[in-house]
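Source file upload.cif; content: mmCIF, C-alpha atoms and all ligand atoms.
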```
data_upload
loop_
_atom_site.label_atom_id
_atom_site.label_comp_id
_atom_site.auth_asym_id
_atom_site.auth_seq_id
_atom_site.Cartn_x
_atom_site.Cartn_y
_atom_site.Cartn_z
CA MET A 20 21.95 -15.58 -25.99
CA ARG A 21 24.99 -14.47 -23.99
CA GLU A 22 25.01 -15.27 -20.29
CA GLU A 23 25.15 -11.57 -19.37
CA ASP A 24 21.91 -10.99 -21.34
CA ILE A 25 19.97 -13.42 -19.21
CA GLU A 26 17.64 -11.59 -16.93
CA THR A 27 15.95 -12.56 -13.71
CA ALA A 28 12.24 -11.76 -13.61
CA ILE A 29 10.32 -11.97 -10.37
CA LYS A 30 6.57 -12.00 -10.08
CA VAL A 31 5.61 -10.23 -6.86
CA VAL A 32 2.08 -10.07 -5.45
CA ILE A 33 1.14 -7.19 -3.17
CA VAL A 34 -1.64 -8.18 -0.79
CA GLY A 35 -3.50 -6.70 2.17
CA ASN A 36 -6.85 -5.16 3.03
CA GLY A 37 -8.46 -2.42 0.93
CA ALA A 38 -7.01 1.11 1.14
CA VAL A 39 -3.77 0.16 2.93
CA GLY A 40 -1.80 1.64 0.03
CA LYS A 41 -0.95 -1.30 -2.25
CA SER A 42 -1.65 0.50 -5.54
CA SER A 43 0.07 3.62 -4.22
CA MET A 44 3.16 1.60 -3.28
CA ILE A 45 3.43 0.11 -6.75
CA GLN A 46 2.85 3.48 -8.43
CA ARG A 47 5.47 5.07 -6.19
CA PHE A 48 8.03 2.36 -6.90
CA CYS A 49 7.39 2.04 -10.64
CA LYS A 50 6.43 5.58 -11.61
CA GLY A 51 7.70 7.74 -8.75
CA ILE A 52 4.29 9.30 -8.16
CA PHE A 53 1.77 9.52 -5.32
CA THR A 54 -1.93 10.37 -5.64
CA LYS A 55 -4.15 11.34 -2.74
CA GLU A 56 -7.37 10.10 -4.28
CA TYR A 57 -8.47 6.59 -3.43
CA LYS A 58 -9.59 4.49 -6.39
CA LYS A 59 -10.16 0.95 -5.27
CA THR A 60 -8.57 -1.72 -7.43
CA ILE A 61 -11.05 -3.81 -9.37
CA GLY A 62 -9.58 -7.28 -9.65
CA VAL A 63 -5.90 -6.93 -10.43
CA ASP A 64 -3.47 -4.49 -11.96
CA PHE A 65 0.12 -4.85 -13.07
CA LEU A 66 3.25 -2.67 -13.34
CA GLU A 67 6.92 -3.51 -13.71
CA ARG A 68 10.31 -1.99 -13.02
CA GLN A 69 13.84 -3.12 -13.60
CA ILE A 70 16.43 -2.69 -10.85
CA THR A 71 20.00 -3.80 -10.30
CA VAL A 72 20.65 -6.08 -7.36
CA ASN A 73 24.25 -6.96 -6.55
CA GLY A 74 25.24 -6.04 -10.10
CA GLU A 75 22.49 -8.11 -11.71
CA ASP A 76 19.46 -6.86 -13.60
CA VAL A 77 16.21 -7.93 -12.03
CA ARG A 78 12.81 -7.28 -13.57
CA LEU A 79 10.12 -6.98 -10.95
CA MET A 80 6.60 -7.65 -12.15
CA LEU A 81 4.34 -6.19 -9.49
CA TRP A 82 0.81 -7.51 -9.29
CA ASP A 83 -1.57 -5.21 -7.50
CA THR A 84 -4.48 -7.22 -6.14
CA ALA A 85 -7.76 -5.85 -4.84
CA GLY A 86 -8.01 -5.80 -1.05
CA GLN A 87 -11.79 -6.03 -0.96
CA GLU A 88 -13.18 -9.47 -0.28
CA GLU A 89 -15.70 -9.16 -3.10
CA PHE A 90 -12.81 -9.67 -5.55
CA ASP A 91 -11.30 -12.69 -3.78
CA ALA A 92 -12.30 -15.18 -6.43
CA ILE A 93 -10.61 -13.13 -9.17
CA THR A 94 -7.45 -12.14 -7.31
CA LYS A 95 -6.66 -15.63 -6.04
CA ALA A 96 -6.05 -16.84 -9.57
CA TYR A 97 -3.37 -14.20 -10.03
CA TYR A 98 -1.36 -15.39 -7.02
CA ARG A 99 -0.41 -18.46 -9.06
CA GLY A 100 3.21 -18.45 -10.04
CA ALA A 101 4.09 -15.59 -7.69
CA GLN A 102 7.70 -15.81 -6.55
CA ALA A 103 7.59 -13.18 -3.82
CA CYS A 104 4.97 -11.45 -1.73
CA VAL A 105 4.44 -8.14 0.08
CA LEU A 106 1.98 -8.38 2.99
CA THR A 107 0.72 -4.88 3.70
CA PHE A 108 -1.23 -3.25 6.51
CA SER A 109 -1.92 0.35 7.43
CA THR A 110 -0.80 2.17 10.58
CA VAL A 111 -4.29 3.64 10.92
CA ASP A 112 -6.38 0.55 10.17
CA ARG A 113 -6.50 -2.09 12.90
CA ASN A 114 -8.45 -4.57 10.78
CA SER A 115 -5.76 -4.52 8.15
CA PHE A 116 -3.18 -5.51 10.78
CA ASP A 117 -5.40 -8.29 12.16
CA ALA A 118 -5.92 -9.64 8.64
CA ILE A 119 -2.23 -10.17 7.80
CA GLU A 120 -2.16 -13.86 8.73
CA LYS A 121 -5.24 -14.50 6.65
CA TRP A 122 -3.53 -12.89 3.63
CA LYS A 123 -0.40 -14.91 4.19
CA LYS A 124 -2.43 -18.12 4.24
CA LYS A 125 -4.28 -17.15 1.07
CA VAL A 126 -1.03 -16.64 -0.80
CA GLU A 127 0.48 -19.83 0.61
CA ALA A 128 -2.59 -21.80 -0.43
CA GLU A 129 -1.90 -20.88 -4.06
CA CYS A 130 1.88 -20.56 -4.10
CA GLY A 131 3.35 -22.55 -1.22
CA TYR A 132 6.35 -20.86 0.36
CA VAL A 133 7.53 -17.68 -1.35
CA PRO A 134 9.97 -15.08 0.01
CA SER A 135 7.79 -12.48 1.73
CA VAL A 136 8.00 -9.24 3.63
CA LEU A 137 5.70 -7.46 6.08
CA VAL A 138 4.99 -3.78 5.40
CA GLN A 139 3.40 -1.28 7.76
CA ASN A 140 2.40 1.61 5.52
CA LYS A 141 1.22 5.18 6.24
CA MET A 142 3.93 5.85 8.81
CA ASP A 143 3.45 9.57 8.16
CA LEU A 144 0.23 9.09 10.18
CA VAL A 145 2.03 7.47 13.11
CA GLU A 146 0.49 10.01 15.52
CA GLN A 147 -2.89 8.40 14.80
CA SER A 148 -1.53 4.86 14.94
CA VAL A 149 -3.80 2.02 16.05
CA VAL A 150 -1.01 -0.59 15.96
CA ASN A 151 1.85 -0.15 18.37
CA LYS A 152 5.47 -0.77 17.54
CA GLU A 153 5.81 -3.88 19.73
CA GLU A 154 2.71 -5.54 18.25
CA ALA A 155 3.98 -5.07 14.73
CA GLU A 156 7.40 -6.42 15.67
CA ALA A 157 5.85 -9.39 17.47
CA LEU A 158 3.79 -10.28 14.41
CA ALA A 159 6.85 -10.06 12.17
CA LYS A 160 8.78 -12.29 14.55
CA ARG A 161 5.98 -14.84 14.79
CA LEU A 162 5.59 -15.02 11.01
CA LYS A 163 9.38 -14.93 10.54
CA LEU A 164 9.18 -11.92 8.26
CA ARG A 165 11.28 -8.77 7.96
CA LEU A 166 9.19 -5.72 8.88
CA TYR A 167 9.46 -2.48 6.90
CA ARG A 168 7.74 0.70 8.02
CA THR A 169 6.93 2.77 4.98
CA SER A 170 5.24 5.96 4.00
CA VAL A 171 4.37 5.78 0.34
CA LYS A 172 3.25 9.39 0.61
CA GLU A 173 6.64 10.58 1.90
CA ASN A 174 8.54 8.02 -0.19
CA LEU A 175 10.00 6.43 2.91
CA HIS A 176 11.57 2.94 2.65
CA VAL A 177 9.54 1.88 -0.38
CA ASP A 178 12.55 1.00 -2.53
CA GLU A 179 14.05 -0.95 0.35
CA VAL A 180 11.05 -3.29 0.45
CA PHE A 181 11.55 -4.39 -3.14
CA ARG A 182 15.33 -4.51 -2.93
CA TYR A 183 15.12 -6.74 0.13
CA LEU A 184 12.65 -9.08 -1.57
CA SER A 185 14.74 -9.29 -4.74
CA ASP A 186 17.84 -10.01 -2.72
CA LYS A 187 16.07 -12.68 -0.70
CA TYR A 188 14.70 -14.33 -3.82
CA MET A 189 18.09 -14.30 -5.58
CA LEU A 190 19.84 -15.75 -2.55
CA LEU A 191 17.33 -18.55 -2.44
CA MET A 192 17.71 -19.19 -6.16
CA ASN A 193 21.48 -19.13 -6.02
CA SER A 194 21.56 -21.52 -3.11
CA CYS A 195 19.49 -23.96 -5.17
CA VAL A 196 21.59 -23.53 -8.29
CA ASP A 197 24.82 -23.85 -6.33
CA ASP A 198 23.51 -27.04 -4.79
CA GLY A 199 22.54 -28.30 -8.27
CA GLN A 200 19.08 -29.06 -6.98
CA MET A 201 15.77 -28.70 -8.72
CA GLN A 202 13.42 -26.30 -7.06
CA ARG A 203 9.83 -25.40 -7.45
CA ILE A 204 8.93 -21.98 -6.17
CA GLY A 205 5.67 -20.12 -6.29
CA GLY A 206 3.16 -22.77 -7.20
CA PRO A 207 2.62 -25.52 -9.66
CA ASN A 208 3.34 -23.64 -12.87
CA VAL A 209 6.91 -22.49 -12.30
CA PHE A 210 9.79 -24.88 -12.28
CA THR A 211 13.43 -24.02 -12.15
CA THR A 212 16.30 -26.37 -12.51
CA GLY A 213 19.89 -26.48 -11.46
CA ASN A 214 21.00 -25.72 -15.02
CA GLY A 215 19.46 -22.27 -14.70
CA ILE A 216 16.71 -22.74 -17.27
CA ASP A 217 13.05 -22.27 -16.56
CA ASN A 218 11.34 -25.51 -17.39
CA ARG A 219 7.76 -24.40 -17.04
CA ASN A 220 5.60 -26.65 -19.17
CA GLY A 221 8.81 -27.72 -20.84
CA ASN A 222 8.42 -24.73 -23.12
CA GLU A 223 11.52 -22.57 -23.24
CA LYS A 224 9.72 -19.85 -25.22
CA HIS A 225 7.71 -18.95 -22.15
CA GLN A 226 10.53 -18.48 -19.73
CA THR A 227 9.77 -16.44 -16.67
CA ILE A 228 12.74 -17.07 -14.42
CA GLN A 229 16.14 -17.58 -15.85
CA LEU A 230 18.93 -18.11 -13.44
CA HIS A 231 22.62 -17.72 -13.73
CA PRO A 232 24.55 -18.61 -10.65
CA ASN A 233 27.01 -15.99 -9.56
CA LYS A 234 29.42 -17.53 -7.11
CA ARG A 235 30.98 -14.13 -6.43
CA ARG A 236 27.81 -13.03 -4.74
CA THR A 237 28.27 -15.53 -1.93
CA GLN A 238 32.05 -15.56 -2.20
CA GLY A 239 31.81 -19.31 -2.50
CA LYS A 240 30.05 -19.61 0.86
CA LYS A 241 26.85 -21.53 1.32
CA SER A 242 23.76 -19.42 1.28
CA VAL A 243 22.20 -18.50 4.61
CA ILE A 244 18.87 -19.84 3.37
CA GLY A 245 20.05 -23.36 3.67
CA LYS A 246 19.08 -26.46 1.78
CA CYS A 247 16.51 -26.24 -0.98
CA SER A 248 13.68 -28.63 -1.33
CA LEU A 249 10.64 -29.21 -3.45
CA LEU A 250 8.03 -26.89 -1.99
N1 LIG B 1 -1.21 9.37 4.45
C1 LIG B 1 -0.93 8.37 3.60
N2 LIG B 1 -1.85 7.96 2.71
C2 LIG B 1 -1.53 6.95 1.87
C3 LIG B 1 -0.28 6.31 1.89
N3 LIG B 1 -0.28 5.34 0.96
C4 LIG B 1 -1.47 5.38 0.37
N4 LIG B 1 -2.25 6.35 0.90
C5 LIG B 1 -3.62 6.72 0.55
O1 LIG B 1 -4.47 5.67 0.96
C6 LIG B 1 -5.57 5.54 0.05
C7 LIG B 1 -5.66 4.10 -0.45
O2 LIG B 1 -4.51 3.83 -1.23
P1 LIG B 1 -4.50 2.70 -2.36
O3 LIG B 1 -3.10 2.62 -2.83
O4 LIG B 1 -5.56 2.93 -3.36
O5 LIG B 1 -4.91 1.43 -1.49
P2 LIG B 1 -5.05 -0.11 -1.95
O6 LIG B 1 -4.48 -0.92 -0.86
O7 LIG B 1 -4.49 -0.31 -3.29
O8 LIG B 1 -6.64 -0.29 -1.96
P3 LIG B 1 -7.54 -1.40 -2.76
O9 LIG B 1 -7.36 -1.14 -4.22
O10 LIG B 1 -8.95 -1.14 -2.31
O11 LIG B 1 -7.09 -2.75 -2.36
C8 LIG B 1 -5.33 6.57 -1.05
O12 LIG B 1 -6.10 7.71 -0.77
C9 LIG B 1 -3.86 6.89 -0.94
O13 LIG B 1 -3.56 8.21 -1.35
C10 LIG B 1 0.70 6.77 2.85
O14 LIG B 1 1.83 6.28 2.96
N5 LIG B 1 0.30 7.80 3.69
#
```
Translate the structure of the given file into structure tokens.
Amino acid sequence: MREEDIETAIKVVIVGNGAVGKSSMIQRFCKGIFTKEYKKTIGVDFLERQITVNGEDVRLMLWDTAGQEEFDAITKAYYRGAQACVLTFSTVDRNSFDAIEKWKKKVEAECGYVPSVLVQNKMDLVEQSVVNKEEAEALAKRLKLRLYRTSVKENLHVDEVFRYLSDKYMLLMNSCVDDGQMQRIGGPNVFTTGNGIDNRNGNEKHQTIQLHPNKRRTQGKKSVIGKCSLL
């Protein structure tokens, strides 16, 4: 396999309370469509899209998890191996905002640290907002997350969410590869090594992340993410 054929694949989990727009966000990003009808997700769903980030192909595998607590036991299992996370709440649902920390902890319990982003969806309904701007910003600051305000309906800032996450993930990966350190990201079943090969279960046939350091991306500078460690 030529180096330029090697692809980066990122498993992303989208979490948050029911009806905040998780399925809609994934449909919008992967299929370019929006549907008004609400069909609650039963368990989990999955879609993928390939994008180019800084000249590199990245395959995003987006896992849509049910927001309703009744499905907790099922969805939790699918967090395993996630390498990035979107924490979503709705502008018009106070409970969904208050639940963000709980969702973050749930993902961390299964995956450890993964690059994450906070999304306030349904910004087209900002007139009926039950979460003010300062509160949302304060939460993002406290959790050390970038905040994106989206409207999946109006297709506002949805692409940016996934581009930011991909970029963040790749920066983290490159900083580890550049440092020649071994890194474990996203839970016990995904291992990456400084040589750029996914070592999960020692079985190269089941590669999920394959890395190829691109020094040009950082112009030889150290990554802003800093030193990598076993997570
Ligand atoms: N006005 C508005 N409605 C939205 C937006 N995004 C999603 N919706 C609507 O919100 C409802 C719930 O959206 P879903 O995407 O099914 O929500 P979910 O978070 O996947 O819900 P669960 O599957 O129960 O976890 C649907 O009726 C969508 O059409 C948005 O940006 N603006």
Checklist entry - Neighbours of ligand LIG 1 (chain B) within 9 Å, counting all atoms listed in the file, as a PyMOL selection string? => result chain A and resi 33-46+53-63+83-87+107-110+140-144+169-175
Please produce an output containing C-alpha atoms for each residue in the selection, written as a PDB file, keeping the file's coordinate frame.
```
ATOM      1  CA  ILE A  33       1.140  -7.190  -3.170  1.00  0.00           C
ATOM      2  CA  VAL A  34      -1.640  -8.180  -0.790  1.00  0.00           C
ATOM      3  CA  GLY A  35      -3.500  -6.700   2.170  1.00  0.00           C
ATOM      4  CA  ASN A  36      -6.850  -5.160   3.030  1.00  0.00           C
ATOM      5  CA  GLY A  37      -8.460  -2.420   0.930  1.00  0.00           C
ATOM      6  CA  ALA A  38      -7.010   1.110   1.140  1.00  0.00           C
ATOM      7  CA  VAL A  39      -3.770   0.160   2.930  1.00  0.00           C
ATOM      8  CA  GLY A  40      -1.800   1.640   0.030  1.00  0.00           C
ATOM      9  CA  LYS A  41      -0.950  -1.300  -2.250  1.00  0.00           C
ATOM     10  CA  SER A  42      -1.650   0.500  -5.540  1.00  0.00           C
ATOM     11  CA  SER A  43       0.070   3.620  -4.220  1.00  0.00           C
ATOM     12  CA  MET A  44       3.160   1.600  -3.280  1.00  0.00           C
ATOM     13  CA  ILE A  45       3.430   0.110  -6.750  1.00  0.00           C
ATOM     14  CA  GLN A  46       2.850   3.480  -8.430  1.00  0.00           C
ATOM     15  CA  PHE A  53       1.770   9.520  -5.320  1.00  0.00           C
ATOM     16  CA  THR A  54      -1.930  10.370  -5.640  1.00  0.00           C
ATOM     17  CA  LYS A  55      -4.150  11.340  -2.740  1.00  0.00           C
ATOM     18  CA  GLU A  56      -7.370  10.100  -4.280  1.00  0.00           C
ATOM     19  CA  TYR A  57      -8.470   6.590  -3.430  1.00  0.00           C
ATOM     20  CA  LYS A  58      -9.590   4.490  -6.390  1.00  0.00           C
ATOM     21  CA  LYS A  59     -10.160   0.950  -5.270  1.00  0.00           C
ATOM     22  CA  THR A  60      -8.570  -1.720  -7.430  1.00  0.00           C
ATOM     23  CA  ILE A  61     -11.050  -3.810  -9.370  1.00  0.00           C
ATOM     24  CA  GLY A  62      -9.580  -7.280  -9.650  1.00  0.00           C
ATOM     25  CA  VAL A  63      -5.900  -6.930 -10.430  1.00  0.00           C
ATOM     26  CA  ASP A  83      -1.570  -5.210  -7.500  1.00  0.00           C
ATOM     27  CA  THR A  84      -4.480  -7.220  -6.140  1.00  0.00           C
ATOM     28  CA  ALA A  85      -7.760  -5.850  -4.840  1.00  0.00           C
ATOM     29  CA  GLY A  86      -8.010  -5.800  -1.050  1.00  0.00           C
ATOM     30  CA  GLN A  87     -11.790  -6.030  -0.960  1.00  0.00           C
ATOM     31  CA  THR A 107       0.720  -4.880   3.700  1.00  0.00           C
ATOM     32  CA  PHE A 108      -1.230  -3.250   6.510  1.00  0.00           C
ATOM     33  CA  SER A 109      -1.920   0.350   7.430  1.00  0.00           C
ATOM     34  CA  THR A 110      -0.800   2.170  10.580  1.00  0.00           C
ATOM     35  CA  ASN A 140       2.400   1.610   5.520  1.00  0.00           C
ATOM     36  CA  LYS A 141       1.220   5.180   6.240  1.00  0.00           C
ATOM     37  CA  MET A 142       3.930   5.850   8.810  1.00  0.00           C
ATOM     38  CA  ASP A 143       3.450   9.570   8.160  1.00  0.00           C
ATOM     39  CA  LEU A 144       0.230   9.090  10.180  1.00  0.00           C
ATOM     40  CA  THR A 169       6.930   2.770   4.980  1.00  0.00           C
ATOM     41  CA  SER A 170       5.240   5.960   4.000  1.00  0.00           C
ATOM     42  CA  VAL A 171       4.370   5.780   0.340  1.00  0.00           C
ATOM     43  CA  LYS A 172       3.250   9.390   0.610  1.00  0.00           C
ATOM     44  CA  GLU A 173       6.640  10.580   1.900  1.00  0.00           C
ATOM     45  CA  ASN A 174       8.540   8.020  -0.190  1.00  0.00           C
ATOM     46  CA  LEU A 175      10.000   6.430   2.910  1.00  0.00           C
TER      47      LEU A 175
END
```
Item to check | Nearest candidate to Glu120 of chain A (options A:Gly51, A:Glu89, A:Arg161, A:Thr71; using only C-alpha atoms) | outcome: A:Arg161
Next on the checklist: Please compute the atom CA of Leu66 of chain A-atom CA of Tyr183 of chain A distance, one decimal, in Å.
Outcome noted: 18.4 Å
Expected answer as a CSV table (one decimal) with C-alpha atoms, in the frame of the given file: all residues with atoms within 10 Å of (14.9, -3.7, -14.6), only C-alpha atoms:
```csv
chain,number,residue,atom,x,y,z
A,26,GLU,CA,17.6,-11.6,-16.9
A,27,THR,CA,16.0,-12.6,-13.7
A,28,ALA,CA,12.2,-11.8,-13.6
A,67,GLU,CA,6.9,-3.5,-13.7
A,68,ARG,CA,10.3,-2.0,-13.0
A,69,GLN,CA,13.8,-3.1,-13.6
A,70,ILE,CA,16.4,-2.7,-10.8
A,71,THR,CA,20.0,-3.8,-10.3
A,72,VAL,CA,20.6,-6.1,-7.4
A,75,GLU,CA,22.5,-8.1,-11.7
A,76,ASP,CA,19.5,-6.9,-13.6
A,77,VAL,CA,16.2,-7.9,-12.0
A,78,ARG,CA,12.8,-7.3,-13.6
A,79,LEU,CA,10.1,-7.0,-11.0
A,80,MET,CA,6.6,-7.6,-12.2
```
Checklist entry - With only C-alpha atoms as the basis for distance, which of A:Thr94, A:Ser194, A:Ser115, A:Gln139 is at the shortest distance from Val177 of chain A? => result A:Gln139
Checklist entry - Smallest atom-to-atom distance to Cys49 of chain A: which of A:Ala101, A:Ala118, A:Leu191, A:Phe65, using all atoms listed in the file? => result A:Phe65
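Between atom CA of Ala103 of chain A and atom CA of Lys50 of chain A the separation is 20.3 Å.
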Using all atoms of segment 90-107 of chain A that appear in the file, construct an axis-aligned enclosing box with 4 Å of padding on every side and provide its centre coordinates and edge lengths in Å, rounded to one decimal, as AutoDock Vina command-line options.
```
--center_x -2.6 --center_y -11.7 --center_z -3.2 --size_x 28.5 --size_y 21.6 --size_z 21.7
```
